[in-house]
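Pasted below: start_22.txt, compact mmCIF, C-alpha atoms.
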# COMPACT_ATOMS: atom_id res chain seq x y z
CA MET T 1 4.33 -24.89 -1.82
CA THR T 2 1.42 -22.59 -1.05
CA VAL T 3 0.90 -19.36 0.81
CA ASP T 4 -2.08 -19.20 3.10
CA ALA T 5 -3.43 -15.89 1.89
CA THR T 6 -7.03 -17.05 1.96
CA HIS T 7 -7.30 -17.02 5.74
CA PRO T 8 -8.48 -13.48 6.56
CA ALA T 9 -6.25 -13.06 9.60
CA ALA T 10 -3.19 -14.30 7.73
CA ASP T 11 -3.92 -11.99 4.83
CA ASP T 12 -4.48 -9.03 7.17
CA LEU T 13 -1.16 -9.71 8.86
CA ARG T 14 0.63 -10.02 5.52
CA ARG T 15 -0.84 -6.72 4.35
CA ALA T 16 0.05 -5.02 7.61
CA LEU T 17 3.64 -6.18 7.38
CA ILE T 18 3.90 -4.91 3.80
CA ALA T 19 2.27 -1.60 4.78
CA THR T 20 4.76 -1.02 7.58
CA ASN T 21 7.78 -1.90 5.46
CA PRO T 22 9.04 1.33 3.88
CA LYS T 23 10.57 -0.55 0.95
CA LEU T 24 7.50 -2.66 0.16
CA SER T 25 4.61 -0.40 1.07
CA LYS T 26 4.77 1.38 -2.28
CA PHE T 27 3.95 -1.95 -3.98
CA ASN T 28 0.85 -4.15 -4.00
CA PRO T 29 2.32 -7.64 -4.21
CA LEU T 30 0.45 -10.88 -4.69
CA PRO T 31 0.92 -13.44 -1.88
CA ARG T 32 4.37 -14.68 -2.90
CA ILE T 33 7.15 -12.25 -3.84
CA LEU T 34 9.46 -13.91 -6.34
CA ALA T 35 11.79 -10.97 -6.83
CA PHE T 36 12.23 -7.54 -5.31
CA ASP T 37 14.76 -5.57 -7.29
CA GLU T 38 15.97 -2.31 -5.84
CA PHE T 39 18.56 -1.16 -8.32
CA ASP T 40 20.37 0.73 -5.62
CA THR T 41 21.84 -2.67 -4.74
CA GLY T 42 22.74 -4.03 -8.19
CA THR T 43 21.19 -5.19 -11.44
CA HIS T 44 19.38 -8.19 -9.87
CA GLY T 45 19.63 -10.27 -13.03
CA TRP T 46 18.37 -7.64 -15.47
CA CYS T 47 20.79 -7.99 -18.35
CA GLU T 48 21.11 -7.32 -22.05
CA LEU T 49 18.97 -9.43 -24.36
CA ILE T 50 20.75 -10.88 -27.36
CA GLY T 51 19.70 -13.31 -30.08
CA ASN T 52 21.07 -16.85 -30.11
CA HIS T 53 24.52 -17.78 -31.47
CA ASP T 54 25.66 -21.04 -33.06
CA GLY T 55 27.59 -23.98 -31.62
CA HIS T 56 30.94 -22.41 -32.55
CA GLY T 57 30.38 -19.38 -30.34
CA ASN T 58 30.30 -17.23 -33.45
CA LEU T 59 28.43 -14.02 -32.68
CA ASP T 60 28.17 -13.30 -36.40
CA THR T 61 25.39 -15.89 -36.41
CA VAL T 62 23.18 -13.76 -34.15
CA ASP T 63 20.24 -12.21 -35.99
CA VAL T 64 21.23 -8.65 -36.85
CA HIS T 65 18.04 -7.22 -35.37
CA MET T 66 18.87 -8.84 -31.98
CA ARG T 67 22.59 -8.08 -31.85
CA ASP T 68 22.70 -4.64 -30.28
CA PHE T 69 20.19 -4.26 -27.47
CA ARG T 70 22.76 -2.49 -25.27
CA PRO T 71 23.90 -3.34 -21.75
CA PRO T 72 21.77 -1.81 -18.98
CA GLN T 73 23.47 0.69 -16.68
CA LEU T 74 23.21 1.44 -12.97
CA SER T 75 22.55 5.14 -13.24
CA SER T 76 22.55 7.87 -10.66
CA CYS T 77 20.51 9.84 -13.20
CA ASP T 78 23.28 12.36 -13.81
CA PHE T 79 22.48 15.34 -15.99
CA PHE T 80 24.49 18.22 -17.42
CA ASP T 81 22.49 20.93 -15.68
CA ILE T 82 22.20 19.76 -12.07
CA GLY T 83 24.56 16.81 -11.77
CA THR T 84 23.10 13.88 -9.87
CA HIS T 85 19.32 13.62 -9.77
CA ALA T 86 19.39 10.10 -8.23
CA ALA T 87 16.60 7.55 -8.04
CA MET T 88 13.47 7.13 -5.95
CA SER T 89 14.93 4.47 -3.65
CA GLY T 90 18.51 5.45 -2.95
CA ASN T 91 20.97 6.63 -5.53
CA TYR T 92 20.80 4.23 -8.48
CA ALA T 93 18.25 3.21 -11.07
CA LEU T 94 18.47 0.68 -13.87
CA LYS T 95 18.90 2.61 -17.11
CA VAL T 96 18.13 1.08 -20.49
CA ALA T 97 19.55 3.32 -23.22
CA THR T 98 19.24 3.27 -27.00
CA ARG T 99 21.78 4.49 -29.48
CA PRO T 100 21.05 7.86 -31.11
CA VAL T 101 19.79 6.06 -34.20
CA THR T 102 16.19 6.26 -35.41
CA GLY T 103 14.47 2.95 -34.75
CA HIS T 104 17.11 1.58 -32.40
CA THR T 105 15.83 -0.51 -29.49
CA ALA T 106 17.48 -1.32 -26.15
CA VAL T 107 16.26 -4.28 -24.12
CA ALA T 108 16.90 -5.55 -20.59
CA ILE T 109 15.62 -8.99 -19.64
CA ARG T 110 15.15 -10.95 -16.41
CA ARG T 111 14.97 -14.75 -16.56
CA LEU T 112 12.94 -16.96 -14.20
CA THR T 113 10.82 -20.09 -14.46
CA MET T 114 7.36 -20.92 -13.16
CA ALA T 115 6.99 -23.28 -10.21
CA ARG T 116 3.28 -23.39 -10.90
CA ARG T 117 0.79 -21.79 -13.26
CA GLY T 118 -1.20 -18.86 -11.97
CA VAL T 119 -1.42 -15.11 -11.74
CA VAL T 120 1.86 -13.24 -12.16
CA GLN T 121 2.28 -9.56 -11.39
CA PHE T 122 5.05 -7.18 -12.42
CA GLU T 123 5.31 -3.85 -10.63
CA THR T 124 7.82 -1.10 -11.16
CA TYR T 125 8.49 2.56 -10.56
CA PHE T 126 9.76 3.95 -13.85
CA THR T 127 10.51 7.11 -15.75
CA TYR T 128 11.44 7.77 -19.37
CA LYS T 129 13.55 10.50 -20.95
CA SER T 130 15.25 11.57 -24.14
CA GLU T 131 18.88 12.57 -23.98
CA ALA T 132 19.58 16.23 -23.31
CA ALA T 133 20.85 18.16 -26.30
CA THR T 134 24.22 19.79 -26.74
CA ALA T 135 25.12 22.61 -29.09
CA GLU T 136 26.29 19.95 -31.53
CA SER T 137 23.43 17.45 -31.18
CA SER T 138 20.47 19.82 -30.81
CA LEU T 139 17.61 19.38 -33.26
CA GLY T 140 16.35 22.86 -32.43
CA ASN T 141 13.43 24.29 -30.50
CA SER T 142 10.76 22.57 -32.53
CA PHE T 143 10.30 18.84 -32.97
CA GLY T 144 7.24 16.82 -33.95
CA ASP T 145 4.19 18.34 -32.31
CA ILE T 146 6.14 20.43 -29.82
CA GLU T 147 7.46 23.97 -30.01
CA TRP T 148 9.52 25.12 -27.04
CA ASP T 149 7.34 27.58 -25.10
CA GLY T 150 9.09 27.65 -21.76
CA ASN T 151 6.93 24.75 -20.61
CA LEU T 152 6.66 22.08 -23.30
CA HIS T 153 10.07 20.95 -24.53
CA PRO T 154 10.93 19.36 -27.90
CA SER T 155 12.73 16.59 -26.01
CA GLU T 156 9.38 15.05 -25.14
CA ALA T 157 8.56 14.53 -28.83
CA GLN T 158 11.94 12.87 -29.32
CA PHE T 159 10.94 9.95 -27.11
CA GLY T 160 9.49 7.00 -29.03
CA ALA T 161 8.10 4.15 -26.94
CA PHE T 162 8.79 1.85 -24.03
CA THR T 163 7.52 -1.67 -23.55
CA VAL T 164 6.96 -4.11 -20.70
CA ALA T 165 6.77 -7.66 -21.93
CA THR T 166 7.27 -11.32 -21.21
CA ASP T 167 8.47 -14.50 -22.86
CA LEU T 168 6.46 -17.45 -21.53
CA CYS T 169 6.43 -21.16 -22.30
CA ASP T 170 4.22 -23.87 -20.86
CA GLY T 171 5.29 -27.35 -19.94
CA GLU T 172 3.61 -28.43 -23.18
CA GLY T 173 5.94 -26.24 -25.23
CA VAL T 174 3.35 -23.57 -25.97
CA ARG T 175 5.23 -20.29 -26.15
CA TYR T 176 3.66 -16.84 -26.11
CA HIS T 177 4.25 -13.21 -25.10
CA CYS T 178 2.14 -10.89 -23.01
CA VAL T 179 3.12 -7.36 -24.07
CA ALA T 180 2.17 -3.78 -23.22
CA ARG T 181 3.73 -0.74 -24.86
CA TYR T 182 3.48 2.96 -24.16
CA GLN T 183 3.77 4.69 -27.51
CA ASN T 184 4.67 8.30 -26.79
CA THR T 185 5.04 9.25 -30.44
CA ASP T 186 4.31 7.57 -33.71
CA LEU T 187 7.05 7.12 -36.29
CA ASP T 188 6.35 10.65 -37.61
CA HIS T 189 6.96 12.14 -34.12
CA ASN T 190 3.31 12.97 -33.53
CA LEU T 191 2.41 12.62 -29.86
CA THR T 192 0.09 9.62 -29.48
CA ARG T 193 0.63 8.81 -25.76
CA ARG T 194 -1.29 5.56 -25.90
CA TRP T 195 -0.91 2.02 -24.67
CA MET T 196 -0.65 -0.64 -27.35
CA TYR T 197 -0.31 -4.37 -27.80
CA PRO T 198 0.89 -6.55 -30.71
CA VAL T 199 -1.34 -9.11 -32.42
CA VAL T 200 1.52 -11.29 -33.68
CA PRO T 201 4.22 -13.17 -31.75
CA GLU T 202 7.76 -11.84 -31.77
CA PRO T 203 10.04 -13.07 -34.60
CA THR T 204 12.42 -15.69 -33.16
CA PRO T 205 15.94 -16.84 -34.11
CA ARG T 206 14.53 -20.17 -35.26
CA GLU T 207 12.50 -18.44 -37.93
CA ASN T 208 15.60 -16.63 -39.19
CA LEU T 209 18.01 -19.57 -38.82
CA HIS T 210 19.22 -19.41 -42.41
CA ASN T 211 18.79 -15.70 -42.86
CA GLN T 212 20.29 -13.64 -40.02
CA GLU T 213 19.64 -10.46 -41.98
CA ASN T 214 15.97 -11.17 -42.46
CA LEU T 215 15.22 -8.11 -40.34
CA SER T 216 17.22 -4.88 -40.16
CA PRO T 217 19.23 -3.78 -37.09
CA THR T 218 16.65 -1.10 -36.28
CA GLU T 219 13.60 -3.28 -36.67
CA ASP T 220 10.89 -3.18 -33.98
CA PHE T 221 11.80 -6.68 -32.78
CA THR T 222 8.64 -7.23 -30.69
CA ALA T 223 6.43 -6.90 -33.77
CA PRO T 224 8.16 -5.36 -36.81
CA ASN T 225 5.09 -4.30 -38.75
CA PRO T 226 3.42 -1.16 -37.30
CA GLU T 227 0.13 -2.53 -38.62
CA ASP T 228 0.41 -5.38 -36.10
CA TRP T 229 -0.01 -3.04 -33.12
CA ARG T 230 -3.40 -2.08 -31.70
CA PRO T 231 -4.31 0.65 -29.21
CA LEU T 232 -5.46 -0.43 -25.78
CA GLY T 233 -8.42 1.91 -25.51
CA GLU T 234 -8.99 5.12 -27.41
CA GLU T 235 -7.98 7.67 -24.79
CA PRO T 236 -4.35 8.78 -24.52
CA GLN T 237 -2.67 8.60 -21.14
CA PHE T 238 -0.66 11.69 -20.30
CA LEU T 239 2.40 10.86 -18.22
CA CYS T 240 4.66 13.24 -16.35
CA TYR T 241 7.60 13.78 -18.68
CA ASN T 242 8.06 17.05 -16.82
CA GLU T 243 9.11 19.41 -19.55
CA VAL T 244 12.88 19.06 -19.91
CA PRO T 245 15.05 15.97 -20.38
CA THR T 246 16.78 16.40 -17.02
CA LYS T 247 13.90 16.07 -14.56
CA VAL T 248 12.77 12.59 -13.58
CA ASN T 249 9.41 11.84 -11.97
CA TRP T 250 8.75 8.25 -11.00
CA HIS T 251 5.55 6.54 -12.19
CA TYR T 252 3.91 3.44 -10.78
CA LEU T 253 3.14 0.51 -13.08
CA ARG T 254 1.40 -2.74 -12.13
CA TRP T 255 0.69 -5.42 -14.70
CA GLN T 256 -0.99 -8.79 -14.21
CA PHE T 257 -1.31 -11.83 -16.44
CA ASP T 258 -2.40 -15.42 -15.90
CA THR T 259 -0.25 -18.32 -17.09
CA ARG T 260 -3.11 -20.79 -16.57
CA THR T 261 -5.22 -19.11 -19.23
CA ARG T 262 -2.29 -17.53 -21.14
CA THR T 263 -4.01 -14.16 -20.99
CA ASN T 264 -3.40 -10.67 -19.71
CA ILE T 265 -5.49 -9.45 -16.80
CA GLU T 266 -4.94 -5.74 -16.29
CA LEU T 267 -2.44 -2.93 -16.49
CA GLN T 268 -2.33 -0.11 -13.97
CA VAL T 269 -0.24 2.97 -14.64
CA ASN T 270 -0.63 5.56 -11.91
CA ASP T 271 -4.32 6.46 -11.72
CA ARG T 272 -5.46 4.43 -14.71
CA ILE T 273 -6.38 0.74 -14.64
CA MET T 274 -6.81 -0.86 -18.05
CA ASP T 275 -8.65 -4.15 -18.47
CA MET T 276 -6.52 -6.40 -20.70
CA ARG T 277 -8.56 -9.60 -20.48
CA GLN T 278 -9.75 -9.29 -24.07
CA VAL T 279 -6.31 -8.53 -25.49
CA PRO T 280 -5.30 -11.42 -27.75
CA VAL T 281 -2.07 -13.22 -26.84
CA PRO T 282 -0.95 -15.09 -29.95
CA ALA T 283 1.05 -18.27 -29.31
CA TYR T 284 3.66 -19.64 -31.71
CA PRO T 285 2.08 -22.26 -33.95
CA ASP T 286 4.82 -24.83 -33.30
CA LYS T 287 6.14 -26.19 -30.00
CA TYR T 288 9.37 -25.12 -28.28
CA ASP T 289 11.71 -27.53 -26.48
CA GLY T 290 14.10 -26.55 -23.72
CA LEU T 291 11.97 -23.67 -22.47
CA GLU T 292 10.02 -25.55 -19.82
CA ASN T 293 8.07 -23.12 -17.64
CA LEU T 294 9.93 -20.13 -19.09
CA LEU T 295 9.08 -16.94 -17.20
CA ASN T 296 11.03 -14.05 -18.69
CA PHE T 297 10.31 -10.38 -18.25
CA TYR T 298 11.78 -7.69 -20.44
CA VAL T 299 11.61 -3.94 -20.68
CA SER T 300 12.57 -2.14 -23.84
CA VAL T 301 12.85 1.38 -25.15
CA ARG T 302 12.76 2.39 -28.81
CA THR T 303 13.69 5.75 -30.21
CA HIS T 304 11.80 7.14 -33.18
CA SER T 305 14.29 9.98 -33.57
CA PRO T 306 18.09 10.28 -33.88
CA VAL T 307 18.22 10.96 -30.12
CA ARG T 308 19.11 8.49 -27.36
CA ASN T 309 16.02 7.38 -25.43
CA PHE T 310 16.22 6.13 -21.86
CA LEU T 311 13.95 4.00 -19.71
CA PHE T 312 14.79 4.13 -16.01
CA LEU T 313 13.50 1.65 -13.43
CA ASP T 314 13.91 2.62 -9.79
CA SER T 315 12.81 -0.78 -8.59
CA ALA T 316 10.73 -3.75 -9.68
CA LEU T 317 8.74 -6.38 -7.84
CA ILE T 318 7.54 -9.68 -9.28
CA SER T 319 4.89 -11.59 -7.32
CA VAL T 320 2.62 -14.58 -7.91
CA ASP T 321 -0.48 -16.19 -6.44
CA TRP T 322 0.97 -19.70 -6.23
CA MET W 1 30.89 -8.25 -1.18
CA ARG W 2 31.94 -5.82 -3.89
CA HIS W 3 29.70 -5.17 -6.89
CA ALA W 4 31.01 -6.22 -10.29
CA LEU W 5 29.46 -5.71 -13.70
CA THR W 6 30.64 -6.42 -17.24
CA ALA W 7 29.09 -4.58 -20.16
CA VAL W 8 29.67 -5.41 -23.82
CA LEU W 9 29.79 -2.07 -25.60
CA GLU W 10 30.54 -3.37 -29.10
CA ARG W 11 30.01 -6.89 -30.34
CA ASN W 12 31.67 -8.16 -33.53
CA THR W 13 31.37 -4.66 -34.97
CA THR W 14 33.43 -3.76 -38.02
CA PHE W 15 34.77 -0.20 -38.21
CA THR W 16 36.49 1.47 -41.14
CA ALA W 17 36.95 4.87 -39.47
CA ASP W 18 37.56 6.37 -36.03
CA PHE W 19 34.79 5.72 -33.53
CA VAL W 20 33.71 6.21 -29.93
CA THR W 21 31.67 3.75 -27.89
CA GLU W 22 28.28 4.60 -26.46
CA PRO W 23 28.42 6.48 -23.13
CA TYR W 24 28.34 4.22 -20.08
CA GLU W 25 27.33 5.55 -16.69
CA ALA W 26 29.09 3.93 -13.75
CA GLY W 27 29.31 6.31 -10.81
CA TRP W 28 29.07 3.33 -8.45
CA ALA W 29 32.33 1.82 -9.69
CA ALA W 30 35.75 2.59 -8.25
CA GLU W 31 37.67 0.81 -10.93
CA ALA W 32 37.19 -0.07 -14.55
CA ARG W 33 39.05 -2.08 -17.12
CA TRP W 34 38.54 -1.98 -20.86
CA PHE W 35 39.11 -5.17 -22.79
CA VAL W 36 39.22 -4.84 -26.56
CA ARG W 37 39.29 -8.06 -28.49
CA THR W 38 40.28 -7.43 -32.08
CA LEU W 39 38.92 -10.25 -34.22
CA ALA W 40 40.30 -8.89 -37.48
CA LEU W 41 42.53 -5.97 -38.41
CA GLU W 42 43.02 -5.45 -42.12
CA GLY W 43 44.49 -2.85 -44.46
CA ASP W 44 47.93 -1.44 -45.18
CA ALA W 45 49.87 -1.35 -41.86
CA PRO W 46 46.67 -0.95 -39.88
CA SER W 47 46.57 0.05 -36.23
CA LEU W 48 43.86 0.69 -33.70
CA ARG W 49 44.71 3.24 -31.00
CA LEU W 50 42.49 3.11 -27.93
CA THR W 51 42.04 6.01 -25.55
CA ALA W 52 39.85 6.01 -22.44
CA GLN W 53 37.58 9.03 -22.15
CA ILE W 54 35.70 10.40 -19.16
CA SER W 55 32.78 12.77 -18.74
CA PRO W 56 30.77 14.42 -15.97
CA ASP W 57 27.50 14.33 -17.91
CA GLY W 58 27.70 11.75 -20.69
CA LEU W 59 27.61 14.54 -23.25
CA HIS W 60 30.96 16.32 -23.08
CA TRP W 61 34.18 14.30 -23.02
CA CYS W 62 37.91 14.52 -22.45
CA ASP W 63 40.69 11.96 -22.53
CA ASP W 64 41.40 10.26 -19.21
CA ASP W 65 44.57 11.70 -17.71
CA GLY W 66 45.37 8.60 -15.67
CA SER W 67 45.26 5.73 -18.13
CA THR W 68 47.67 4.60 -20.79
CA GLU W 69 46.65 4.43 -24.44
CA GLN W 70 46.81 1.03 -26.02
CA ILE W 71 47.58 0.26 -29.64
CA ALA W 72 46.52 -2.93 -31.41
CA THR W 73 48.36 -3.81 -34.58
CA GLU W 74 47.16 -7.38 -34.94
CA PRO W 75 44.20 -9.51 -33.83
CA GLY W 76 44.14 -10.32 -30.12
CA MET W 77 43.26 -8.80 -26.77
CA VAL W 78 44.44 -5.51 -25.28
CA SER W 79 43.40 -4.05 -21.97
CA MET W 80 43.45 -0.71 -20.21
CA ARG W 81 42.67 0.23 -16.63
CA VAL W 82 40.83 3.37 -15.53
CA ARG W 83 40.47 4.63 -11.98
CA GLU W 84 39.06 7.71 -10.26
CA PHE W 85 36.99 8.61 -13.27
CA GLY W 86 33.92 10.81 -13.32
CA HIS W 87 30.66 8.95 -13.62
CA TRP W 88 30.79 8.31 -17.34
CA LEU W 89 33.15 6.26 -19.46
CA ARG W 90 33.66 5.65 -23.14
CA LEU W 91 36.43 4.49 -25.42
CA ARG W 92 37.80 6.55 -28.30
CA ALA W 93 39.36 4.52 -31.09
CA THR W 94 41.59 5.87 -33.84
CA LEU W 95 42.11 3.73 -36.93
CA THR W 96 45.21 4.39 -39.00
CA GLY W 97 46.81 2.78 -42.06
CA GLY W 98 45.68 2.30 -45.63
CA ASP W 99 42.00 1.33 -45.95
CA PRO W 100 41.96 0.06 -42.37
CA LYS W 101 39.23 -2.24 -41.14
CA ALA W 102 38.87 -3.48 -37.56
CA LYS W 103 36.38 -5.99 -36.21
CA VAL W 104 36.15 -5.75 -32.44
CA LEU W 105 34.45 -6.74 -29.23
CA VAL W 106 34.64 -4.10 -26.51
CA TYR W 107 34.10 -5.10 -22.89
CA LEU W 108 33.95 -2.78 -19.91
CA ALA W 109 34.57 -4.61 -16.61
CA LEU W 110 33.59 -2.55 -13.55
CA LYS W 111 34.04 -3.09 -9.84
CA SER W 112 32.92 -1.11 -6.80
Will you turn the file into structure tokens for me?
Amino acid sequence: MTVDATHPAADDLRRALIATNPKLSKFNPLPRILAFDEFDTGTHGWCELIGNHDGHGNLDTVDVHMRDFRPPQLSSCDFFDIGTHAAMSGNYALKVATRPVTGHTAVAIRRLTMARRGVVQFETYFTYKSEAATAESSLGNSFGDIEWDGNLHPSEAQFGAFTVATDLCDGEGVRYHCVARYQNTDLDHNLTRRWMYPVVPEPTPRENLHNQENLSPTEDFTAPNPEDWRPLGEEPQFLCYNEVPTKVNWHYLRWQFDTRTRTNIELQVNDRIMDMRQVPVPAYPDKYDGLENLLNFYVSVRTHSPVRNFLFLDSALISVDW
Amino acid sequence: MRHALTAVLERNTTFTADFVTEPYEAGWAAEARWFVRTLALEGDAPSLRLTAQISPDGLHWCDDDGSTEQIATEPGMVSMRVREFGHWLRLRATLTGGDPKAKVLVYLALKS
């Protein structure tokens, strides 16, 4: 199973066909498209992540920090001020929504396997918002670093972080995660607006087998200790939150990693391309059975404030070079 | 083919007071059905009254005028249908009795 993308004429034709396809021309896929998810037509396998349960089907045995990642929604991006905003491609976007609880994380996952090792690319058009306030829920005109001035809105400082990540396992049972996170604010609500990566692997149910309450329900499940996160470059990246919580502007994200070398390659977010080749990707020290060629993608959103945080995906495209 | 989606809004959660589920946006769906599986219901003559709520914005809510409240007085499954709702759904639960405690799973089954 190979795609002849090395022959110049074949590659030119492939690119021309993508460029003339209104649905695909906004992406830059590798030679083989594994999945093209326009959420106007359904969830396409993006579902709630949950920790593992025991052989009795007893959900009380799920680790408490992986028990409440919330079901994704097909959202028409409805808001109290204008009604339906809608998505970039059609009416609906995939919405991942936290509870209004400081530290709560919502996670949607998509599960595939690898037919071969190689370069994998995840692309998406996304936006991120905090929930609009009501008279009852409002935290006022000042929050974190932001004072309402008719332009900047405290809602922006109420958004914590969103993450694009993977769960990968080789045929040899070597399991690891490539991860990239946009941290909008730190835990004290200061605007940091930086990309980050963890230097430890995610805690797994096997580690907590005899202690489901090892981690709290609001733990940062990707890497619980804030000290285990490192900035990807020193410069912040300013994204287009667009002032109030009811305006959505779609951003382009393209992320590549290589399952031959178990390393990241690069992350592009709009006009910035970040080299991730030197980012460490820690593998679990012991081997995993039953996860042969695991190729999972997840997106998550974590609120650092008592306000619901939302990550919206208009569409996603997963492509490979094999 | 019609679209169908099931969301689990609460999972083995124990409540000792009235509660509402998280807002769920489903403008694409023409019909919805709540399933509430009560795993345990304890206290002095406890009951769990379930009311469907609807909203145009996910922020402000009213009871659904077209569905029928359900009351659970013992462990088991109850269900409630909702049609012609606005784009947002949630469930309002009222716990009554002496020191009531309810452990529930809440499913929302949607269809276009």
Inset, instruction - For chain W, report every residue with an atom at most 6 Å from chain T (counting all atoms listed in the file), formatted as a PyMOL selection string. - result: chain W and resi 7+25+57
Just C-alpha atoms for this one: save the residues we selected as a PDB file, in the coordinates of the input.
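Output (again.pdb):
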ATOM      1  CA  ALA W   7      29.090  -4.580 -20.160  1.00  0.00           C
ATOM      2  CA  GLU W  25      27.330   5.550 -16.690  1.00  0.00           C
ATOM      3  CA  ASP W  57      27.500  14.330 -17.910  1.00  0.00           C
TER       4      ASP W  57
END
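The list of residues with at least one atom within 6 Å of W:Val104, based on all atoms listed in the file and without residues fewer than 4 positions apart in the same chain, reads W:Asn12, W:Thr13, W:Arg37, W:Thr38, W:Leu39.
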Inset, instruction - Identify the residues within 9 Å of coordinate (9.4, 17.7, -19.4) (same frame as the file), considering all atoms listed in the file, and give the answer as a PyMOL selection string. - result: chain T and resi 129+151-156+240-248
Legend entry - Interatomic distance (Å, one decimal) between atom CA of T:Trp250 and atom CA of T:Asp145: 24.0 Å
Please identify all polymer residues lying at most 10 Å from the point (41.6, 3.4, -31.4) (file coordinates), using only C-alpha atoms, and present the result as a short mmCIF file (atom, residue, chain, number, x, y, z; two decimals) with C-alpha atoms, in the coordinates of the input.
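Generated file (part.cif):
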data_model
loop_
_atom_site.label_atom_id
_atom_site.label_comp_id
_atom_site.auth_asym_id
_atom_site.auth_seq_id
_atom_site.Cartn_x
_atom_site.Cartn_y
_atom_site.Cartn_z
CA ALA W 17 36.95 4.87 -39.47
CA ASP W 18 37.56 6.37 -36.03
CA PHE W 19 34.79 5.72 -33.53
CA VAL W 20 33.71 6.21 -29.93
CA VAL W 36 39.22 -4.84 -26.56
CA SER W 47 46.57 0.05 -36.23
CA LEU W 48 43.86 0.69 -33.70
CA ARG W 49 44.71 3.24 -31.00
CA LEU W 50 42.49 3.11 -27.93
CA THR W 51 42.04 6.01 -25.55
CA ALA W 52 39.85 6.01 -22.44
CA GLU W 69 46.65 4.43 -24.44
CA GLN W 70 46.81 1.03 -26.02
CA ILE W 71 47.58 0.26 -29.64
CA ALA W 72 46.52 -2.93 -31.41
CA LEU W 91 36.43 4.49 -25.42
CA ARG W 92 37.80 6.55 -28.30
CA ALA W 93 39.36 4.52 -31.09
CA THR W 94 41.59 5.87 -33.84
CA LEU W 95 42.11 3.73 -36.93
CA THR W 96 45.21 4.39 -39.00
CA ALA W 102 38.87 -3.48 -37.56
#
Inset, instruction - Name all residues at most 6 Å from T:Cys169 (count all atoms listed in the file; drop same-chain ones fewer than 5 positions away) and give them as a list of chain:residue names. - result: T:Val174, T:Arg175, T:Asn293, T:Leu294
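Atom CA of T:Asp37 to atom CA of T:Leu317 spans 6.1 Å [interatomic distance, one decimal].
The shortest atom-to-atom distance to T:Pro29, with all atoms listed in the file taken into account, belongs to T:Phe122 out of T:Phe122, T:Trp148, T:Tyr197, T:Tyr284.
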